[in-house]
Each structure stands twice: as C-alpha cells, then as structure tokens.
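Have a look at coords_4.pdb; it's PDB, C-alpha atoms and all ligand atoms:
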ATOM      1  CA  MET A 135     -16.007  22.181  43.831
ATOM      2  CA  THR A 136     -15.502  23.471  40.294
ATOM      3  CA  ASN A 137     -13.995  26.950  40.292
ATOM      4  CA  ALA A 138     -14.361  29.668  37.646
ATOM      5  CA  TYR A 139     -10.922  28.884  36.168
ATOM      6  CA  GLU A 140     -11.884  25.217  35.688
ATOM      7  CA  ILE A 141     -15.116  26.188  33.894
ATOM      8  CA  GLN A 142     -13.254  28.622  31.614
ATOM      9  CA  LYS A 143     -10.580  25.995  30.913
ATOM     10  CA  THR A 144     -13.041  23.359  29.677
ATOM     11  CA  ALA A 145     -15.121  25.926  27.737
ATOM     12  CA  ARG A 146     -12.154  26.720  25.464
ATOM     13  CA  PRO A 147     -11.353  24.379  22.535
ATOM     14  CA  THR A 148      -8.316  22.175  22.996
ATOM     15  CA  ALA A 149      -5.551  21.487  20.483
ATOM     16  CA  VAL A 150      -2.968  18.712  20.754
ATOM     17  CA  ILE A 151       0.252  19.761  18.996
ATOM     18  CA  THR A 152       3.230  17.454  18.770
ATOM     19  CA  GLY A 153       6.708  18.950  18.591
ATOM     20  CA  ALA A 154       5.725  22.355  19.966
ATOM     21  CA  SER A 155       8.895  23.304  21.849
ATOM     22  CA  ARG A 156      10.282  25.282  18.904
ATOM     23  CA  GLY A 157       9.914  25.928  15.182
ATOM     24  CA  LEU A 158       6.552  25.703  13.455
ATOM     25  CA  GLY A 159       4.913  23.729  16.295
ATOM     26  CA  PHE A 160       5.705  26.444  18.824
ATOM     27  CA  ALA A 161       4.675  29.266  16.462
ATOM     28  CA  LEU A 162       1.326  27.595  15.751
ATOM     29  CA  ALA A 163       0.796  26.835  19.445
ATOM     30  CA  HIS A 164       1.345  30.549  20.155
ATOM     31  CA  GLY A 165      -1.144  31.515  17.451
ATOM     32  CA  LEU A 166      -3.783  29.121  18.778
ATOM     33  CA  ALA A 167      -3.189  30.320  22.351
ATOM     34  CA  ARG A 168      -3.726  33.937  21.223
ATOM     35  CA  ASN A 169      -7.037  32.831  19.743
ATOM     36  CA  GLY A 170      -8.347  31.160  22.877
ATOM     37  CA  TRP A 171      -7.276  27.534  22.525
ATOM     38  CA  ASN A 172      -6.113  25.302  25.371
ATOM     39  CA  LEU A 173      -2.970  23.401  24.466
ATOM     40  CA  VAL A 174      -1.597  19.920  24.997
ATOM     41  CA  ILE A 175       1.970  19.961  23.694
ATOM     42  CA  ASP A 176       4.995  17.699  23.668
ATOM     43  CA  ALA A 177       8.646  17.373  22.677
ATOM     44  CA  ARG A 178      11.474  15.060  23.721
ATOM     45  CA  GLY A 179      13.673  17.776  25.213
ATOM     46  CA  ALA A 180      12.360  18.743  28.655
ATOM     47  CA  ALA A 181      14.233  22.060  28.996
ATOM     48  CA  ASP A 182      12.980  23.571  25.724
ATOM     49  CA  LEU A 183       9.459  22.260  26.334
ATOM     50  CA  THR A 184       9.342  23.752  29.834
ATOM     51  CA  GLU A 185      10.464  27.119  28.465
ATOM     52  CA  ALA A 186       7.884  26.979  25.659
ATOM     53  CA  ALA A 187       5.125  25.986  28.089
ATOM     54  CA  ALA A 188       6.005  28.882  30.421
ATOM     55  CA  ASP A 189       5.748  31.293  27.493
ATOM     56  CA  LEU A 190       2.450  29.842  26.214
ATOM     57  CA  GLY A 191       1.124  29.573  29.770
ATOM     58  CA  ARG A 192       0.943  33.378  29.914
ATOM     59  CA  LEU A 193      -1.814  33.171  27.257
ATOM     60  CA  THR A 194      -3.779  30.004  27.965
ATOM     61  CA  HIS A 195      -3.919  26.713  29.815
ATOM     62  CA  VAL A 196      -1.041  24.461  28.702
ATOM     63  CA  THR A 197      -0.457  20.802  29.476
ATOM     64  CA  ALA A 198       3.137  20.061  28.466
ATOM     65  CA  LEU A 199       4.240  16.430  28.419
ATOM     66  CA  THR A 200       7.848  15.537  27.759
ATOM     67  CA  GLY A 201       8.103  12.439  25.607
ATOM     68  CA  ASP A 202       8.639  10.863  22.218
ATOM     69  CA  VAL A 203       5.686  10.490  19.844
ATOM     70  CA  VAL A 204       6.844   6.960  19.039
ATOM     71  CA  ASP A 205       6.212   5.929  22.660
ATOM     72  CA  ASP A 206       2.805   4.228  23.160
ATOM     73  CA  ASP A 207       2.397   5.368  26.781
ATOM     74  CA  HIS A 208       3.324   8.954  25.918
ATOM     75  CA  ARG A 209       0.730   9.103  23.131
ATOM     76  CA  ALA A 210      -1.891   7.738  25.530
ATOM     77  CA  GLU A 211      -0.966  10.516  28.000
ATOM     78  CA  LEU A 212      -1.427  13.147  25.293
ATOM     79  CA  ALA A 213      -4.904  11.849  24.411
ATOM     80  CA  GLU A 214      -5.867  11.610  28.074
ATOM     81  CA  ALA A 215      -4.670  15.156  28.782
ATOM     82  CA  ALA A 216      -6.878  16.443  25.955
ATOM     83  CA  SER A 217      -9.821  14.452  27.286
ATOM     84  CA  ASP A 218      -9.288  16.009  30.734
ATOM     85  CA  LEU A 219      -9.638  19.441  29.103
ATOM     86  CA  GLY A 220     -13.016  18.547  27.583
ATOM     87  CA  GLY A 221     -11.754  16.695  24.485
ATOM     88  CA  ALA A 222      -9.532  17.697  21.566
ATOM     89  CA  ARG A 223     -11.043  19.741  18.710
ATOM     90  CA  LEU A 224      -7.742  19.749  16.814
ATOM     91  CA  LEU A 225      -4.803  17.379  16.509
ATOM     92  CA  VAL A 226      -1.675  18.774  14.851
ATOM     93  CA  ASN A 227       0.829  16.084  13.903
ATOM     94  CA  ASN A 228       3.879  18.315  13.557
ATOM     95  CA  ALA A 229       6.823  16.534  15.273
ATOM     96  CA  SER A 230       9.353  15.395  12.708
ATOM     97  CA  ILE A 231      12.897  14.162  12.194
ATOM     98  CA  LEU A 232      15.045  13.838   9.087
ATOM     99  CA  GLY A 233      16.909  10.663  10.052
ATOM    100  CA  GLY A 234      20.365  12.267  10.074
ATOM    101  CA  SER A 235      22.193  15.552   9.582
ATOM    102  CA  PRO A 236      22.571  15.822   6.704
ATOM    103  CA  PRO A 237      20.047  13.081   5.945
ATOM    104  CA  PRO A 238      21.843  10.176   4.242
ATOM    105  CA  SER A 239      21.200   9.058   0.675
ATOM    106  CA  LEU A 240      18.884   6.056   0.376
ATOM    107  CA  ALA A 241      21.780   3.751  -0.566
ATOM    108  CA  GLU A 242      23.573   4.611   2.679
ATOM    109  CA  PHE A 243      20.594   5.160   5.024
ATOM    110  CA  PRO A 244      21.205   3.086   8.188
ATOM    111  CA  LEU A 245      18.071   0.982   8.632
ATOM    112  CA  PRO A 246      17.551   1.885  12.305
ATOM    113  CA  ALA A 247      17.551   5.596  11.349
ATOM    114  CA  LEU A 248      15.202   4.884   8.435
ATOM    115  CA  LEU A 249      12.850   3.044  10.787
ATOM    116  CA  ASP A 250      12.933   6.013  13.223
ATOM    117  CA  THR A 251      12.193   8.383  10.354
ATOM    118  CA  PHE A 252       9.105   6.429   9.315
ATOM    119  CA  GLU A 253       7.993   5.937  12.916
ATOM    120  CA  VAL A 254       8.155   9.626  13.832
ATOM    121  CA  ASN A 255       6.816  11.044  10.545
ATOM    122  CA  ALA A 256       4.180   8.478   9.563
ATOM    123  CA  LEU A 257       3.419   5.759  12.101
ATOM    124  CA  ALA A 258       3.242   7.878  15.284
ATOM    125  CA  PRO A 259       0.934  10.513  13.728
ATOM    126  CA  LEU A 260      -1.440   7.722  12.676
ATOM    127  CA  ALA A 261      -1.229   6.037  16.065
ATOM    128  CA  LEU A 262      -1.941   9.312  17.880
ATOM    129  CA  THR A 263      -4.798  10.025  15.486
ATOM    130  CA  GLN A 264      -6.341   6.651  16.382
ATOM    131  CA  LEU A 265      -6.318   7.651  20.060
ATOM    132  CA  VAL A 266      -7.676  11.169  19.593
ATOM    133  CA  LEU A 267     -10.284  10.367  16.904
ATOM    134  CA  PRO A 268     -13.052   9.467  19.377
ATOM    135  CA  GLN A 269     -12.734  13.023  20.769
ATOM    136  CA  LEU A 270     -12.539  14.615  17.305
ATOM    137  CA  ARG A 271     -15.664  12.811  16.072
ATOM    138  CA  LEU A 272     -17.854  14.466  18.721
ATOM    139  CA  THR A 273     -20.052  17.308  17.532
ATOM    140  CA  ASP A 274     -19.566  20.656  19.258
ATOM    141  CA  SER A 275     -22.392  22.988  20.323
ATOM    142  CA  ASP A 276     -21.859  24.907  17.039
ATOM    143  CA  GLY A 277     -22.398  21.689  15.024
ATOM    144  CA  THR A 278     -18.748  21.192  14.054
ATOM    145  CA  THR A 279     -16.567  18.176  14.651
ATOM    146  CA  GLY A 280     -12.814  18.088  15.160
ATOM    147  CA  ALA A 281      -9.903  18.202  12.726
ATOM    148  CA  VAL A 282      -6.539  16.579  12.096
ATOM    149  CA  LEU A 283      -3.793  18.790  10.673
ATOM    150  CA  ASN A 284      -0.857  16.767   9.395
ATOM    151  CA  ILE A 285       2.199  18.870   8.606
ATOM    152  CA  THR A 286       3.740  17.581   5.400
ATOM    153  CA  SER A 287       6.473  18.723   3.019
ATOM    154  CA  ASP A 288       7.179  19.245  -0.661
ATOM    155  CA  ALA A 289       9.705  16.408  -0.204
ATOM    156  CA  ALA A 290       6.640  14.107  -0.133
ATOM    157  CA  VAL A 291       5.866  14.895  -3.780
ATOM    158  CA  GLU A 292       9.160  16.083  -5.280
ATOM    159  CA  ALA A 293      12.299  13.932  -5.488
ATOM    160  CA  TYR A 294      15.231  15.718  -3.820
ATOM    161  CA  GLU A 295      18.561  13.957  -3.376
ATOM    162  CA  GLY A 296      19.152  13.291   0.318
ATOM    163  CA  TRP A 297      15.491  13.732   1.262
ATOM    164  CA  GLY A 298      14.405  10.170   0.364
ATOM    165  CA  GLY A 299      13.758   8.762   3.839
ATOM    166  CA  TYR A 300      11.968  11.845   5.190
ATOM    167  CA  GLY A 301      10.157  12.406   1.864
ATOM    168  CA  ALA A 302       8.934   8.813   1.611
ATOM    169  CA  ALA A 303       7.690   8.935   5.208
ATOM    170  CA  LYS A 304       5.869  12.238   4.562
ATOM    171  CA  ALA A 305       4.386  10.703   1.368
ATOM    172  CA  ALA A 306       3.080   7.846   3.523
ATOM    173  CA  LEU A 307       1.564  10.409   5.907
ATOM    174  CA  ASP A 308      -0.048  12.252   2.975
ATOM    175  CA  HIS A 309      -1.574   9.058   1.639
ATOM    176  CA  ALA A 310      -2.829   8.031   5.062
ATOM    177  CA  SER A 311      -4.380  11.517   5.382
ATOM    178  CA  ARG A 312      -6.269  11.030   2.100
ATOM    179  CA  VAL A 313      -7.614   7.620   3.133
ATOM    180  CA  LEU A 314      -8.500   8.810   6.635
ATOM    181  CA  ALA A 315     -10.465  11.689   5.107
ATOM    182  CA  LEU A 316     -12.593   9.172   3.183
ATOM    183  CA  GLU A 317     -13.020   6.861   6.153
ATOM    184  CA  GLU A 318     -13.888   9.704   8.555
ATOM    185  CA  PRO A 319     -16.111  12.004   6.507
ATOM    186  CA  THR A 320     -17.357  13.944   9.544
ATOM    187  CA  VAL A 321     -13.828  14.887  10.653
ATOM    188  CA  ARG A 322     -11.637  17.330   8.706
ATOM    189  CA  VAL A 323      -8.264  15.869   7.711
ATOM    190  CA  TRP A 324      -5.829  18.405   6.267
ATOM    191  CA  SER A 325      -2.288  17.859   5.038
ATOM    192  CA  VAL A 326      -0.463  21.172   4.851
ATOM    193  CA  ASP A 327       2.949  21.848   3.335
ATOM    194  CA  PRO A 328       4.226  24.943   5.167
ATOM    195  CA  GLY A 329       7.020  25.629   2.651
ATOM    196  CA  ASP A 330      10.692  26.142   3.484
ATOM    197  CA  LEU A 331      11.182  27.664   6.930
ATOM    198  CA  ARG A 332      14.117  28.879   8.997
ATOM    199  CA  THR A 333      14.110  26.186  11.711
ATOM    200  CA  ARG A 334      16.469  23.710  13.331
ATOM    201  CA  LEU A 335      15.108  20.874  11.180
ATOM    202  CA  HIS A 336      15.862  22.791   7.995
ATOM    203  CA  GLN A 337      19.354  23.743   9.242
ATOM    204  CA  GLU A 338      20.027  20.083  10.075
ATOM    205  CA  ALA A 339      19.144  19.179   6.487
ATOM    206  CA  VAL A 340      21.804  21.546   5.177
ATOM    207  CA  PRO A 341      24.414  21.873   7.928
ATOM    208  CA  GLY A 342      26.759  24.810   7.439
ATOM    209  CA  GLU A 343      24.546  26.460   4.806
ATOM    210  CA  ASP A 344      23.183  29.940   5.367
ATOM    211  CA  ILE A 345      19.388  29.673   5.687
ATOM    212  CA  SER A 346      18.892  33.220   6.984
ATOM    213  CA  ASP A 347      16.947  34.102   3.817
ATOM    214  CA  LEU A 348      14.179  31.605   4.696
ATOM    215  CA  PRO A 349      11.035  32.879   6.418
ATOM    216  CA  LEU A 350      10.544  32.270  10.126
ATOM    217  CA  PRO A 351       7.750  29.790  10.987
ATOM    218  CA  GLU A 352       5.572  32.633  12.356
ATOM    219  CA  VAL A 353       5.050  33.724   8.739
ATOM    220  CA  VAL A 354       2.810  30.742   7.891
ATOM    221  CA  VAL A 355       0.812  30.778  11.136
ATOM    222  CA  PRO A 356      -1.906  33.214   9.922
ATOM    223  CA  ALA A 357      -2.659  30.864   7.005
ATOM    224  CA  LEU A 358      -2.873  27.856   9.327
ATOM    225  CA  LEU A 359      -5.121  29.723  11.789
ATOM    226  CA  GLN A 360      -7.379  30.776   8.919
ATOM    227  CA  LEU A 361      -7.585  27.169   7.690
ATOM    228  CA  ILE A 362      -8.540  25.991  11.180
ATOM    229  CA  ALA A 363     -11.190  28.724  11.468
ATOM    230  CA  ASP A 364     -12.599  28.314   7.927
ATOM    231  CA  ARG A 365     -12.643  24.491   8.005
ATOM    232  CA  PRO A 366     -12.304  23.908   4.237
ATOM    233  CA  PRO A 367     -12.830  20.337   2.959
ATOM    234  CA  SER A 368     -10.309  17.670   3.861
ATOM    235  CA  GLY A 369      -7.356  17.660   1.477
ATOM    236  CA  ARG A 370      -3.746  18.655   0.846
ATOM    237  CA  TYR A 371      -2.950  22.356   0.917
ATOM    238  CA  LEU A 372       0.080  24.588   0.430
ATOM    239  CA  ALA A 373       0.310  27.184   3.185
ATOM    240  CA  SER A 374       1.390  29.778   0.594
ATOM    241  CA  GLU A 375      -1.898  29.281  -1.295
ATOM    242  CA  LEU A 376      -4.231  29.410   1.708
ATOM    243  CA  PRO A 377      -6.291  32.572   2.047
ATOM    244  CA  VAL A 378      -5.579  34.925   4.920
ATOM    245  CA  ILE A 379      -8.125  37.549   5.944
ATOM    246  CA  GLU A 380      -6.092  40.398   7.416
ATOM    247  CA  GLY A 381      -7.108  41.253  10.979
ATOM    248  CA  ALA A 382      -9.596  38.374  11.281
ATOM    249  CA  LEU A 383      -7.395  36.441  13.689
ATOM    250  CA  ARG A 384      -4.753  37.578  16.165
TER     251      ARG A 384
HETATM  252  N1  LIG B   1      11.476  23.759   8.288
HETATM  253  C1  LIG B   1      11.107  23.545   7.037
HETATM  254  O1  LIG B   1      11.660  24.091   6.080
HETATM  255  C2  LIG B   1       9.940  22.614   6.776
HETATM  256  C3  LIG B   1       9.501  22.463   5.443
HETATM  257  C4  LIG B   1       8.437  21.618   5.188
HETATM  258  C5  LIG B   1       7.820  20.956   6.231
HETATM  259  N2  LIG B   1       8.274  21.115   7.510
HETATM  260  C6  LIG B   1       7.591  20.397   8.573
HETATM  261  O2  LIG B   1       7.225  21.301   9.599
HETATM  262  C7  LIG B   1       7.120  20.579  10.842
HETATM  263  C8  LIG B   1       7.876  21.308  11.933
HETATM  264  O3  LIG B   1       9.255  21.286  11.617
HETATM  265  P1  LIG B   1      10.259  22.435  12.090
HETATM  266  O4  LIG B   1      10.995  22.831  10.888
HETATM  267  O5  LIG B   1       9.534  23.428  12.904
HETATM  268  O6  LIG B   1      11.250  21.555  13.003
HETATM  269  P2  LIG B   1      12.019  21.865  14.373
HETATM  270  O7  LIG B   1      12.255  23.325  14.542
HETATM  271  O8  LIG B   1      13.180  20.949  14.377
HETATM  272  O9  LIG B   1      10.956  21.425  15.487
HETATM  273  C9  LIG B   1      10.592  20.087  15.607
HETATM  274  C10 LIG B   1       9.813  19.908  16.895
HETATM  275  O10 LIG B   1       9.425  18.534  17.003
HETATM  276  C11 LIG B   1       9.947  17.986  18.223
HETATM  277  N3  LIG B   1      10.187  16.569  17.970
HETATM  278  C12 LIG B   1      11.017  16.006  17.070
HETATM  279  N4  LIG B   1      10.947  14.671  17.140
HETATM  280  C13 LIG B   1      10.040  14.381  18.099
HETATM  281  C14 LIG B   1       9.537  13.175  18.635
HETATM  282  N5  LIG B   1       9.976  11.994  18.190
HETATM  283  N6  LIG B   1       8.596  13.224  19.611
HETATM  284  C15 LIG B   1       8.158  14.426  20.078
HETATM  285  N7  LIG B   1       8.608  15.607  19.599
HETATM  286  C16 LIG B   1       9.552  15.580  18.635
HETATM  287  C17 LIG B   1      11.181  18.847  18.521
HETATM  288  O11 LIG B   1      11.572  18.826  19.887
HETATM  289  P3  LIG B   1      12.623  17.712  20.439
HETATM  290  O12 LIG B   1      13.745  17.630  19.462
HETATM  291  O13 LIG B   1      13.020  18.228  21.793
HETATM  292  O14 LIG B   1      11.849  16.442  20.527
HETATM  293  C18 LIG B   1      10.643  20.212  18.140
HETATM  294  O15 LIG B   1       9.785  20.713  19.150
HETATM  295  C19 LIG B   1       7.634  19.171  10.562
HETATM  296  O16 LIG B   1       6.558  18.283  10.362
HETATM  297  C20 LIG B   1       8.423  19.341   9.270
HETATM  298  O17 LIG B   1       8.490  18.151   8.537
HETATM  299  C21 LIG B   1       9.313  21.938   7.816
END
Translate the structure described by the file into structure tokens.
Ligand SMILES: NC(=O)c1ccc[n+]([C@@H]2O[C@H](COP(=O)([O-])OP(=O)(O)OC[C@H]3O[C@@H](n4cnc5c(N)ncnc54)[C@H](OP(=O)(O)O)[C@@H]3O)[C@@H](O)[C@H]2O)c1
Amino acid sequence: MTNAYEIQKTARPTAVITGASRGLGFALAHGLARNGWNLVIDARGAADLTEAAADLGRLTHVTALTGDVVDDDHRAELAEAASDLGGARLLVNNASILGGSPPPSLAEFPLPALLDTFEVNALAPLALTQLVLPQLRLTDSDGTTGAVLNITSDAAVEAYEGWGGYGAAKAALDHASRVLALEEPTVRVWSVDPGDLRTRLHQEAVPGEDISDLPLPEVVVPALLQLIADRPPSGRYLASELPVIEGALR
C-alpha cells in the first residue's frame, strides 16, 4: 500500500547532484532541499557523504550513494535512484578533481592523472547525462522538461599556468554542453562558472596559500536556485552575472 510519505516523496521534483558531500555540491543540495526538491547525491568518501545526507535528510528525502562518477555501475545506480523517485527534473554535474595538488604543469602531468582528470570532469558527466536524459526529456504537469546544470570554471576559457589538465577537461565539458543543447532542444543545458570559492578543491590547487578571503560556496547558491527556477535558455553563464530576486527563494 502506498502511504502518504511515499505520495509526497514522488510529488516533489528530484535532483541528481554529483559530488554533494561538501563544497558547492553540498551547498546547492541544501538550497534545493529547502525549496522542496528530493535529492540523489554521491561522493567517493562514505563518511562525509553519510554526514551530508543526515543533514539534508532533515529537510527532504535523500538517496545517498557512495561511489565514483567514473564507475559505470555507480552511474546506473544514480539514474535508477532518480527514476524510483519519479524521475529526475535536474542533473547537476558538479563532482570534480584537479589531477594533483598542486595540479602539475602539462609538461609534467602524469598521464594516468590526466586521464582521471578528463574522466571525472568531462567523460563521466556526459555518461551520466546519457543515462538521465530519458527522464529529463519528459514533460512535467506544468509543461516543463528537465535540465542539466554542468558546473564549469573560468579555467575552461582562460589559460592559467598549472590549470591545463583541469581547464582543458572543463573546456571539453563546456563544448559538450553547447552541442547537447542543440541536440536536445527541449531540455535546458546550462554551463555555470561559479567563480572562485573557498573549498577543498580550491585549497588543493594552491596548497599552503591563504584562501580565507574567497567566498563560501553558499554565496552562489541563490543565483543557481534562481537559474533553476527561471529556466533561461541553454547556454554558459557566470554565477556572478545571474539575477537574484531577493526573498523569492529560501
Ligand atoms: N572552488 C572553486 O574555486 C571553483 C571555481 C570554479 C569552479 N568550481 C567547480 O565547482 C564544483 C565543485 O567544486 P568544489 O570547489 O565545491 O570542490 P570540493 O569542495 O572539493 O567538492 C567536490 C565534491 O565532489 C566529490 N567528488 C570528487 N571526485 C568525485 C568522483 N570522482 N566521484 C564522485 N564524487 C566526487 C567530492 O567528494 P569525494 O572527494 O569524497 O569524492 C566532493 O563532494 C566543481 O565542478 C569545480 O570544478 C570550483
């Protein structure tokens, strides 16, 4: 028998967010949870993910799956978990690695680490998108379809020494986002550069440097929530240039 909790669970929209145990992924997951979204989240580290899921679970239904986005079976589990919740309305490809700390120069980049960098930042997001697209293409009762939000970086467009592997992989993700937007005109495909943030990834890029002047990831969440609510055309956006309507979203 279906109980009231089950009905409520499938009535809420579902977002799949990769890399949501900390940093921007966790902050966005929290924002979506506050605004009534179910969550399917992942990360490789089980302890941090369990803690994040317990926190988010106070606000909404959370399916937390420990795993690596480069793993085929894990990605299939993520898509299936979203399907079990009524189908994903949003896929956020957020999980990311730099390929080393600090990331090596291109001349010295060990090829296995370079391969990992491309797999996590470009190939896995595309592979997960392939699996979730059938859910995102479906039209909701309000006439809208789903959306893909790929988290990119200024390193995809600017040349910074030491950011070549990560930047090239993010550039590949950006380009794939542009092509996907053309091939899937009914689905929104956004690439968003959140700007520099005070997170573990950023600290790993500049070990030993003081990054306490950088904004916390929570700062860009209102802009991302507004984007998701407003559903502007597919394209590449800077979080700092996205409109935020004060008080419109929690
Ligand atoms: N921080 C910045 O200044 C900045 C600037 C521009 C763009 N960005 C982008 O913002 C996004 C979030 O980064 P962040 O700064 O918030 O990083 P973060 O704090 O290091 O968080 C990264 C998250 O991704 C998970 N993750 C990493 N590799 C994974 C994998 N292979 N499979 C599954 N989960 C994985 C991590 O958990 P585990 O390690 O446990 O797996 C963690 O939950 C990234 O796409 C990044 O490129 C960040």
Protein and nucleic acid residues within 7 Å of ligand LIG 1 (chain B) (only C-alpha atoms and all ligand atoms) as number ranges by chain: A: 152-159, 176-180, 182, 201-204, 228-231, 254, 285-288, 327-336, 351
Which of A:Val354, A:Asn172, A:Leu199, A:Leu212 sits closest to Thr184 in chain A [using all atoms listed in the file]: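 Counting all atoms listed in the file, the residue closest to Thr184 in chain A is A:Leu199.
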Which of A:Ile175, A:Val326, A:Ala281, A:Val340 sits closest to Leu372 in chain A [using all atoms listed in the file]: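 Answer, going by the shortest atom-to-atom distance: A:Val326.
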A:Ser368, A:Arg209, A:Ala181, A:Ala363 ranked by distance to Glu318 in chain A, top pick (using only C-alpha atoms): A:Ser368
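The interatomic distance for the pair CA of Leu173 in chain A and CA of Ala149 in chain A works out to 5.1 Å.
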Output as JSON the centre and edge lengths (Å, one decimal) of the box along x, y and z of the file that holds every listed atom of range 305-312 of chain A after adding 4 Å on each side.
{"center_x": -0.9, "center_y": 10.0, "center_z": 3.6, "size_x": 18.7, "size_y": 12.4, "size_z": 12.5}
Å distance separating CA of Ala215 in chain A from CA of Val174 in chain A, one decimal place: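 Result for CA of Ala215 in chain A versus CA of Val174 in chain A: 6.8 Å, one decimal.
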Within 9 Å of Thr263 in chain A using only C-alpha atoms, minus same-chain residues under 4 positions, as a ChimeraX atom specification: /A:225,227,258-259,267,282
Requested write-out: C-alpha atoms of the selected residues, as an mmCIF file, in the frame of the given file:
data_model
loop_
_atom_site.group_PDB
_atom_site.id
_atom_site.type_symbol
_atom_site.label_atom_id
_atom_site.label_comp_id
_atom_site.auth_asym_id
_atom_site.auth_seq_id
_atom_site.Cartn_x
_atom_site.Cartn_y
_atom_site.Cartn_z
ATOM 1 C CA LEU A 225 -4.803 17.379 16.509
ATOM 2 C CA ASN A 227 0.829 16.084 13.903
ATOM 3 C CA ALA A 258 3.242 7.878 15.284
ATOM 4 C CA PRO A 259 0.934 10.513 13.728
ATOM 5 C CA LEU A 267 -10.284 10.367 16.904
ATOM 6 C CA VAL A 282 -6.539 16.579 12.096
#
Resolved residues for the PyMOL selection byres (((chain A and resi 311) around 12) and not hetatm) as a VMD selection string: chain A and resid 227 256 to 257 259 to 260 263 281 to 286 304 to 310 312 to 319 321 to 326 368 to 371
d(CA of Val355 in chain A, CA of Leu162 in chain A) in Å: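 Value for the CA of Val355 in chain A-CA of Leu162 in chain A distance: 5.6 Å.
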Please evaluate the PyMOL selection byres (((chain A and resi 269) around 12) and not hetatm) against the structure above and give the resulting residues as a JSON list (two decimals) with C-alpha atoms, in the frame of the given file.
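Output saved as out.json:
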[["chain", "number", "residue", "atom", "x", "y", "z"],
["A", 147, "PRO", "CA", -11.35, 24.38, 22.54],
["A", 148, "THR", "CA", -8.32, 22.18, 23.00],
["A", 149, "ALA", "CA", -5.55, 21.49, 20.48],
["A", 150, "VAL", "CA", -2.97, 18.71, 20.75],
["A", 213, "ALA", "CA", -4.90, 11.85, 24.41],
["A", 214, "GLU", "CA", -5.87, 11.61, 28.07],
["A", 215, "ALA", "CA", -4.67, 15.16, 28.78],
["A", 216, "ALA", "CA", -6.88, 16.44, 25.96],
["A", 217, "SER", "CA", -9.82, 14.45, 27.29],
["A", 218, "ASP", "CA", -9.29, 16.01, 30.73],
["A", 219, "LEU", "CA", -9.64, 19.44, 29.10],
["A", 220, "GLY", "CA", -13.02, 18.55, 27.58],
["A", 221, "GLY", "CA", -11.75, 16.70, 24.48],
["A", 222, "ALA", "CA", -9.53, 17.70, 21.57],
["A", 223, "ARG", "CA", -11.04, 19.74, 18.71],
["A", 224, "LEU", "CA", -7.74, 19.75, 16.81],
["A", 225, "LEU", "CA", -4.80, 17.38, 16.51],
["A", 262, "LEU", "CA", -1.94, 9.31, 17.88],
["A", 263, "THR", "CA", -4.80, 10.02, 15.49],
["A", 264, "GLN", "CA", -6.34, 6.65, 16.38],
["A", 265, "LEU", "CA", -6.32, 7.65, 20.06],
["A", 266, "VAL", "CA", -7.68, 11.17, 19.59],
["A", 267, "LEU", "CA", -10.28, 10.37, 16.90],
["A", 268, "PRO", "CA", -13.05, 9.47, 19.38],
["A", 270, "LEU", "CA", -12.54, 14.62, 17.30],
["A", 271, "ARG", "CA", -15.66, 12.81, 16.07],
["A", 272, "LEU", "CA", -17.85, 14.47, 18.72],
["A", 273, "THR", "CA", -20.05, 17.31, 17.53],
["A", 274, "ASP", "CA", -19.57, 20.66, 19.26],
["A", 279, "THR", "CA", -16.57, 18.18, 14.65],
["A", 280, "GLY", "CA", -12.81, 18.09, 15.16],
["A", 281, "ALA", "CA", -9.90, 18.20, 12.73],
["A", 282, "VAL", "CA", -6.54, 16.58, 12.10],
["A", 321, "VAL", "CA", -13.83, 14.89, 10.65]]
Surrounding residues of Leu240 in chain A excluding itself and chain neighbours under 2 positions, 7 Å, only C-alpha atoms, as a PyMOL selection string: chain A and resi 238+242-243+298-299
Contacts of Gly234 in chain A within 9 Å, all atoms listed in the file, excl. fewer than 5 positions in-chain, as a list in words: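 Non-adjacent residues within range: Phe243, Ala247, Glu338 and Ala339 of chain A.
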Residues matched by the PyMOL selection byres (((chain A and resi 300) around 8) and not hetatm), written as number ranges by chain: A: 231-233, 251-252, 255, 289-290, 297-299, 301-304
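Distance check against Ala261 in chain A using all atoms listed in the file: of A:Asp205, A:Glu352, A:Asp189, A:Glu380, the minimum falls on A:Asp205.
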